[in-house]
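Below is the file entry.pdb, which contains PDB, C-alpha atoms, pLDDT in the B column.
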```
ATOM      1  CA  MET A  76       9.951 -75.111   8.832  1.00 66.00           C
ATOM      2  CA  ALA A  77      13.041 -77.315   8.715  1.00 88.00           C
ATOM      3  CA  VAL A  78      11.039 -80.201   7.232  1.00 88.00           C
ATOM      4  CA  ALA A  79       9.735 -77.953   4.434  1.00 85.00           C
ATOM      5  CA  ALA A  80      13.283 -76.834   3.622  1.00 84.00           C
ATOM      6  CA  LEU A  81      14.442 -80.446   3.608  1.00 86.00           C
ATOM      7  CA  ILE A  82      11.682 -81.489   1.202  1.00 87.00           C
ATOM      8  CA  GLN A  83      12.396 -78.494  -1.028  1.00 86.00           C
ATOM      9  CA  GLY A  84      16.088 -79.432  -1.064  1.00 82.00           C
ATOM     10  CA  PHE A  85      15.332 -83.027  -2.072  1.00 84.00           C
ATOM     11  CA  ILE A  86      13.035 -81.860  -4.867  1.00 86.00           C
ATOM     12  CA  LEU A  87      15.602 -79.356  -6.137  1.00 81.00           C
ATOM     13  CA  GLY A  88      18.393 -81.925  -5.967  1.00 80.00           C
ATOM     14  CA  GLY A  89      16.309 -84.493  -7.825  1.00 80.00           C
ATOM     15  CA  SER A  90      15.392 -81.984 -10.501  1.00 79.00           C
ATOM     16  CA  MET A  91      19.086 -81.401 -11.168  1.00 75.00           C
ATOM     17  CA  ILE A  92      20.174 -85.055 -11.046  1.00 77.00           C
ATOM     18  CA  ILE A  93      17.419 -86.750 -13.082  1.00 77.00           C
ATOM     19  CA  PRO A  94      18.171 -84.983 -16.413  1.00 73.00           C
ATOM     20  CA  ILE A  95      21.829 -85.974 -16.157  1.00 75.00           C
ATOM     21  CA  GLY A  96      20.905 -89.600 -16.889  1.00 78.00           C
ATOM     22  CA  ALA A  97      19.234 -88.650 -20.167  1.00 79.00           C
ATOM     23  CA  GLN A  98      22.172 -86.448 -21.126  1.00 80.00           C
ATOM     24  CA  ASN A  99      24.677 -89.215 -20.363  1.00 81.00           C
ATOM     25  CA  SER A 100      22.794 -91.757 -22.460  1.00 83.00           C
ATOM     26  CA  HIS A 101      22.627 -89.255 -25.321  1.00 84.00           C
ATOM     27  CA  ILE A 102      26.385 -88.636 -25.212  1.00 85.00           C
ATOM     28  CA  LEU A 103      27.153 -92.344 -24.866  1.00 84.00           C
ATOM     29  CA  GLY A 104      25.017 -93.053 -27.934  1.00 86.00           C
ATOM     30  CA  HIS A 105      26.943 -90.478 -29.954  1.00 84.00           C
ATOM     31  CA  GLY A 106      30.255 -91.855 -28.678  1.00 85.00           C
ATOM     32  CA  ILE A 107      29.421 -95.448 -29.548  1.00 89.00           C
ATOM     33  CA  LYS A 108      28.354 -94.489 -33.071  1.00 88.00           C
ATOM     34  CA  ARG A 109      31.228 -91.987 -33.402  1.00 86.00           C
ATOM     35  CA  ASN A 110      28.682 -89.595 -34.827  1.00 84.00           C
ATOM     36  CA  HIS A 111      29.837 -86.050 -33.938  1.00 87.00           C
ATOM     37  CA  HIS A 112      30.692 -87.233 -30.427  1.00 82.00           C
ATOM     38  CA  LEU A 113      33.094 -84.396 -29.624  1.00 87.00           C
ATOM     39  CA  LEU A 114      30.651 -81.746 -30.815  1.00 89.00           C
ATOM     40  CA  ALA A 115      27.810 -83.247 -28.780  1.00 87.00           C
ATOM     41  CA  ALA A 116      29.981 -83.485 -25.665  1.00 86.00           C
ATOM     42  CA  SER A 117      31.206 -79.898 -26.113  1.00 91.00           C
ATOM     43  CA  ILE A 118      27.679 -78.535 -26.515  1.00 90.00           C
ATOM     44  CA  CYS A 119      26.471 -80.427 -23.434  1.00 87.00           C
ATOM     45  CA  THR A 120      29.450 -79.170 -21.429  1.00 89.00           C
ATOM     46  CA  LEU A 121      28.794 -75.548 -22.401  1.00 93.00           C
ATOM     47  CA  CYS A 122      25.089 -75.895 -21.612  1.00 88.00           C
ATOM     48  CA  ASP A 123      25.922 -77.406 -18.204  1.00 84.00           C
ATOM     49  CA  ILE A 124      28.283 -74.533 -17.412  1.00 89.00           C
ATOM     50  CA  LEU A 125      25.682 -71.967 -18.473  1.00 89.00           C
ATOM     51  CA  LEU A 126      22.858 -73.576 -16.476  1.00 81.00           C
ATOM     52  CA  ILE A 127      25.032 -73.956 -13.368  1.00 80.00           C
ATOM     53  CA  ALA A 128      26.059 -70.287 -13.603  1.00 85.00           C
ATOM     54  CA  ILE A 129      22.413 -69.216 -13.953  1.00 84.00           C
ATOM     55  CA  GLY A 130      21.497 -71.367 -10.958  1.00 76.00           C
ATOM     56  CA  VAL A 131      24.284 -69.988  -8.801  1.00 79.00           C
ATOM     57  CA  PHE A 132      24.191 -66.311  -9.756  1.00 83.00           C
ATOM     58  CA  GLY A 133      20.680 -65.681 -11.011  1.00 79.00           C
ATOM     59  CA  GLY A 134      18.485 -68.249  -9.406  1.00 63.00           C
ATOM     60  CA  HIS A 135      17.519 -66.369  -6.272  1.00 59.00           C
ATOM     61  CA  GLU A 136      14.932 -63.700  -5.619  1.00 57.00           C
TER
END
```
Serialized structure, structure tokens:
Amino acid sequence: MAVAALIQGFILGGSMIIPIGAQNSHILGHGIKRNHHLLAASICTLCDILLIAIGVFGGHE
């Protein structure tokens, strides 16, 4: 049982960490081009806050 929980934890952790790389490269691209970089960063920040709140408060059975 403990091994199954450990594997589930690694999968869940990976599923939250992997998309961050794509988001960071997207924001860095906007920042380098100075193409609406503050708007893009603000939208990503708000989405992160919303998704974290859903995961913490509404993600259980």
Name the residues in contact with range 85-100 of chain A at a cut-off of 10 Å, using all atoms listed in the file, excluding same-chain residues fewer than 6 positions from it; report them as a PDB file with C-alpha atoms, in the frame of the given file.
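Full text of around09.pdb as output:
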```
ATOM      1  CA  ALA A  79       9.735 -77.953   4.434  1.00 85.00           C
ATOM      2  CA  GLY A 106      30.255 -91.855 -28.678  1.00 85.00           C
ATOM      3  CA  ALA A 116      29.981 -83.485 -25.665  1.00 86.00           C
ATOM      4  CA  CYS A 119      26.471 -80.427 -23.434  1.00 87.00           C
ATOM      5  CA  ASP A 123      25.922 -77.406 -18.204  1.00 84.00           C
ATOM      6  CA  ILE A 127      25.032 -73.956 -13.368  1.00 80.00           C
TER       7      ILE A 127
END
```
A straight line from CA of Thr120 in chain A to CA of Gly84 in chain A spans 24.4 Å
Taking all atoms of range 82-101 of chain A that the file lists and extending 6 Å past them on each side, where is the centre of the axis-aligned box and how long are its edges? Answer in Å to one decimal, as lines of an AutoDock Vina configuration file.
```
center_x = 18.2
center_y = -85.1
center_z = -12.1
size_x = 25.0
size_y = 25.3
size_z = 38.5
```
If you measure from CA of Ile118 in chain A to CA of Val131 in chain A, what distance in Å do you get, rounded to one decimal?
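Atom-to-atom, CA of Ile118 in chain A to CA of Val131 in chain A, that is 20.0 Å.
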Give me range 113-124 of chain A with all heavy atoms filled in, as a PDB file, in the coordinates of the input.
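File written: rebuild-v6.pdb
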```
ATOM      1  N   LEU A 113      32.416 -85.516 -30.289  1.00 87.00           N
ATOM      2  CA  LEU A 113      33.094 -84.396 -29.624  1.00 87.00           C
ATOM      3  C   LEU A 113      32.237 -83.134 -29.646  1.00 87.00           C
ATOM      4  O   LEU A 113      32.201 -82.385 -28.665  1.00 87.00           O
ATOM      5  CB  LEU A 113      34.457 -84.136 -30.279  1.00 87.00           C
ATOM      6  CG  LEU A 113      35.487 -85.242 -30.096  1.00 87.00           C
ATOM      7  CD1 LEU A 113      36.754 -84.915 -30.877  1.00 87.00           C
ATOM      8  CD2 LEU A 113      35.785 -85.460 -28.639  1.00 87.00           C
ATOM      9  N   LEU A 114      31.533 -82.901 -30.733  1.00 89.00           N
ATOM     10  CA  LEU A 114      30.651 -81.746 -30.815  1.00 89.00           C
ATOM     11  C   LEU A 114      29.513 -81.868 -29.802  1.00 89.00           C
ATOM     12  O   LEU A 114      29.196 -80.907 -29.092  1.00 89.00           O
ATOM     13  CB  LEU A 114      30.087 -81.613 -32.232  1.00 89.00           C
ATOM     14  CG  LEU A 114      29.092 -80.478 -32.452  1.00 89.00           C
ATOM     15  CD1 LEU A 114      29.757 -79.127 -32.213  1.00 89.00           C
ATOM     16  CD2 LEU A 114      28.511 -80.558 -33.850  1.00 89.00           C
ATOM     17  N   ALA A 115      28.908 -83.042 -29.722  1.00 87.00           N
ATOM     18  CA  ALA A 115      27.810 -83.247 -28.780  1.00 87.00           C
ATOM     19  C   ALA A 115      28.287 -83.075 -27.335  1.00 87.00           C
ATOM     20  O   ALA A 115      27.604 -82.436 -26.523  1.00 87.00           O
ATOM     21  CB  ALA A 115      27.204 -84.635 -28.979  1.00 87.00           C
ATOM     22  N   ALA A 116      29.449 -83.624 -27.018  1.00 86.00           N
ATOM     23  CA  ALA A 116      29.981 -83.485 -25.665  1.00 86.00           C
ATOM     24  C   ALA A 116      30.325 -82.035 -25.354  1.00 86.00           C
ATOM     25  O   ALA A 116      30.074 -81.551 -24.241  1.00 86.00           O
ATOM     26  CB  ALA A 116      31.215 -84.366 -25.497  1.00 86.00           C
ATOM     27  N   SER A 117      30.860 -81.311 -26.324  1.00 91.00           N
ATOM     28  CA  SER A 117      31.206 -79.898 -26.113  1.00 91.00           C
ATOM     29  C   SER A 117      29.955 -79.052 -25.879  1.00 91.00           C
ATOM     30  O   SER A 117      29.931 -78.198 -24.991  1.00 91.00           O
ATOM     31  CB  SER A 117      31.977 -79.355 -27.312  1.00 91.00           C
ATOM     32  OG  SER A 117      33.166 -80.050 -27.484  1.00 91.00           O
ATOM     33  N   ILE A 118      28.926 -79.296 -26.675  1.00 90.00           N
ATOM     34  CA  ILE A 118      27.679 -78.535 -26.515  1.00 90.00           C
ATOM     35  C   ILE A 118      27.054 -78.821 -25.156  1.00 90.00           C
ATOM     36  O   ILE A 118      26.614 -77.899 -24.463  1.00 90.00           O
ATOM     37  CB  ILE A 118      26.702 -78.854 -27.659  1.00 90.00           C
ATOM     38  CG1 ILE A 118      27.217 -78.250 -28.957  1.00 90.00           C
ATOM     39  CG2 ILE A 118      25.301 -78.339 -27.351  1.00 90.00           C
ATOM     40  CD1 ILE A 118      26.445 -78.660 -30.190  1.00 90.00           C
ATOM     41  N   CYS A 119      27.032 -80.091 -24.746  1.00 87.00           N
ATOM     42  CA  CYS A 119      26.471 -80.427 -23.434  1.00 87.00           C
ATOM     43  C   CYS A 119      27.282 -79.805 -22.297  1.00 87.00           C
ATOM     44  O   CYS A 119      26.720 -79.343 -21.306  1.00 87.00           O
ATOM     45  CB  CYS A 119      26.385 -81.940 -23.267  1.00 87.00           C
ATOM     46  SG  CYS A 119      25.059 -82.680 -24.236  1.00 87.00           S
ATOM     47  N   THR A 120      28.601 -79.787 -22.450  1.00 89.00           N
ATOM     48  CA  THR A 120      29.450 -79.170 -21.429  1.00 89.00           C
ATOM     49  C   THR A 120      29.170 -77.679 -21.308  1.00 89.00           C
ATOM     50  O   THR A 120      29.023 -77.150 -20.192  1.00 89.00           O
ATOM     51  CB  THR A 120      30.937 -79.400 -21.765  1.00 89.00           C
ATOM     52  OG1 THR A 120      31.181 -80.805 -21.827  1.00 89.00           O
ATOM     53  CG2 THR A 120      31.840 -78.769 -20.721  1.00 89.00           C
ATOM     54  N   LEU A 121      29.081 -76.987 -22.435  1.00 93.00           N
ATOM     55  CA  LEU A 121      28.794 -75.548 -22.401  1.00 93.00           C
ATOM     56  C   LEU A 121      27.414 -75.265 -21.816  1.00 93.00           C
ATOM     57  O   LEU A 121      27.254 -74.309 -21.038  1.00 93.00           O
ATOM     58  CB  LEU A 121      28.921 -74.954 -23.804  1.00 93.00           C
ATOM     59  CG  LEU A 121      30.340 -74.908 -24.374  1.00 93.00           C
ATOM     60  CD1 LEU A 121      30.303 -74.429 -25.830  1.00 93.00           C
ATOM     61  CD2 LEU A 121      31.220 -74.003 -23.529  1.00 93.00           C
ATOM     62  N   CYS A 122      26.435 -76.078 -22.173  1.00 88.00           N
ATOM     63  CA  CYS A 122      25.089 -75.895 -21.612  1.00 88.00           C
ATOM     64  C   CYS A 122      25.092 -76.131 -20.105  1.00 88.00           C
ATOM     65  O   CYS A 122      24.429 -75.400 -19.362  1.00 88.00           O
ATOM     66  CB  CYS A 122      24.095 -76.825 -22.300  1.00 88.00           C
ATOM     67  SG  CYS A 122      23.707 -76.345 -23.987  1.00 88.00           S
ATOM     68  N   ASP A 123      25.824 -77.150 -19.638  1.00 84.00           N
ATOM     69  CA  ASP A 123      25.922 -77.406 -18.204  1.00 84.00           C
ATOM     70  C   ASP A 123      26.544 -76.220 -17.476  1.00 84.00           C
ATOM     71  O   ASP A 123      26.058 -75.796 -16.426  1.00 84.00           O
ATOM     72  CB  ASP A 123      26.744 -78.663 -17.929  1.00 84.00           C
ATOM     73  CG  ASP A 123      25.980 -79.930 -18.210  1.00 84.00           C
ATOM     74  OD1 ASP A 123      24.746 -79.866 -18.351  1.00 84.00           O
ATOM     75  OD2 ASP A 123      26.631 -80.994 -18.303  1.00 84.00           O
ATOM     76  N   ILE A 124      27.623 -75.687 -18.033  1.00 89.00           N
ATOM     77  CA  ILE A 124      28.283 -74.533 -17.412  1.00 89.00           C
ATOM     78  C   ILE A 124      27.333 -73.343 -17.347  1.00 89.00           C
ATOM     79  O   ILE A 124      27.226 -72.671 -16.312  1.00 89.00           O
ATOM     80  CB  ILE A 124      29.575 -74.177 -18.175  1.00 89.00           C
ATOM     81  CG1 ILE A 124      30.622 -75.276 -17.972  1.00 89.00           C
ATOM     82  CG2 ILE A 124      30.123 -72.823 -17.741  1.00 89.00           C
ATOM     83  CD1 ILE A 124      31.833 -75.140 -18.872  1.00 89.00           C
TER      84      ILE A 124
END
```
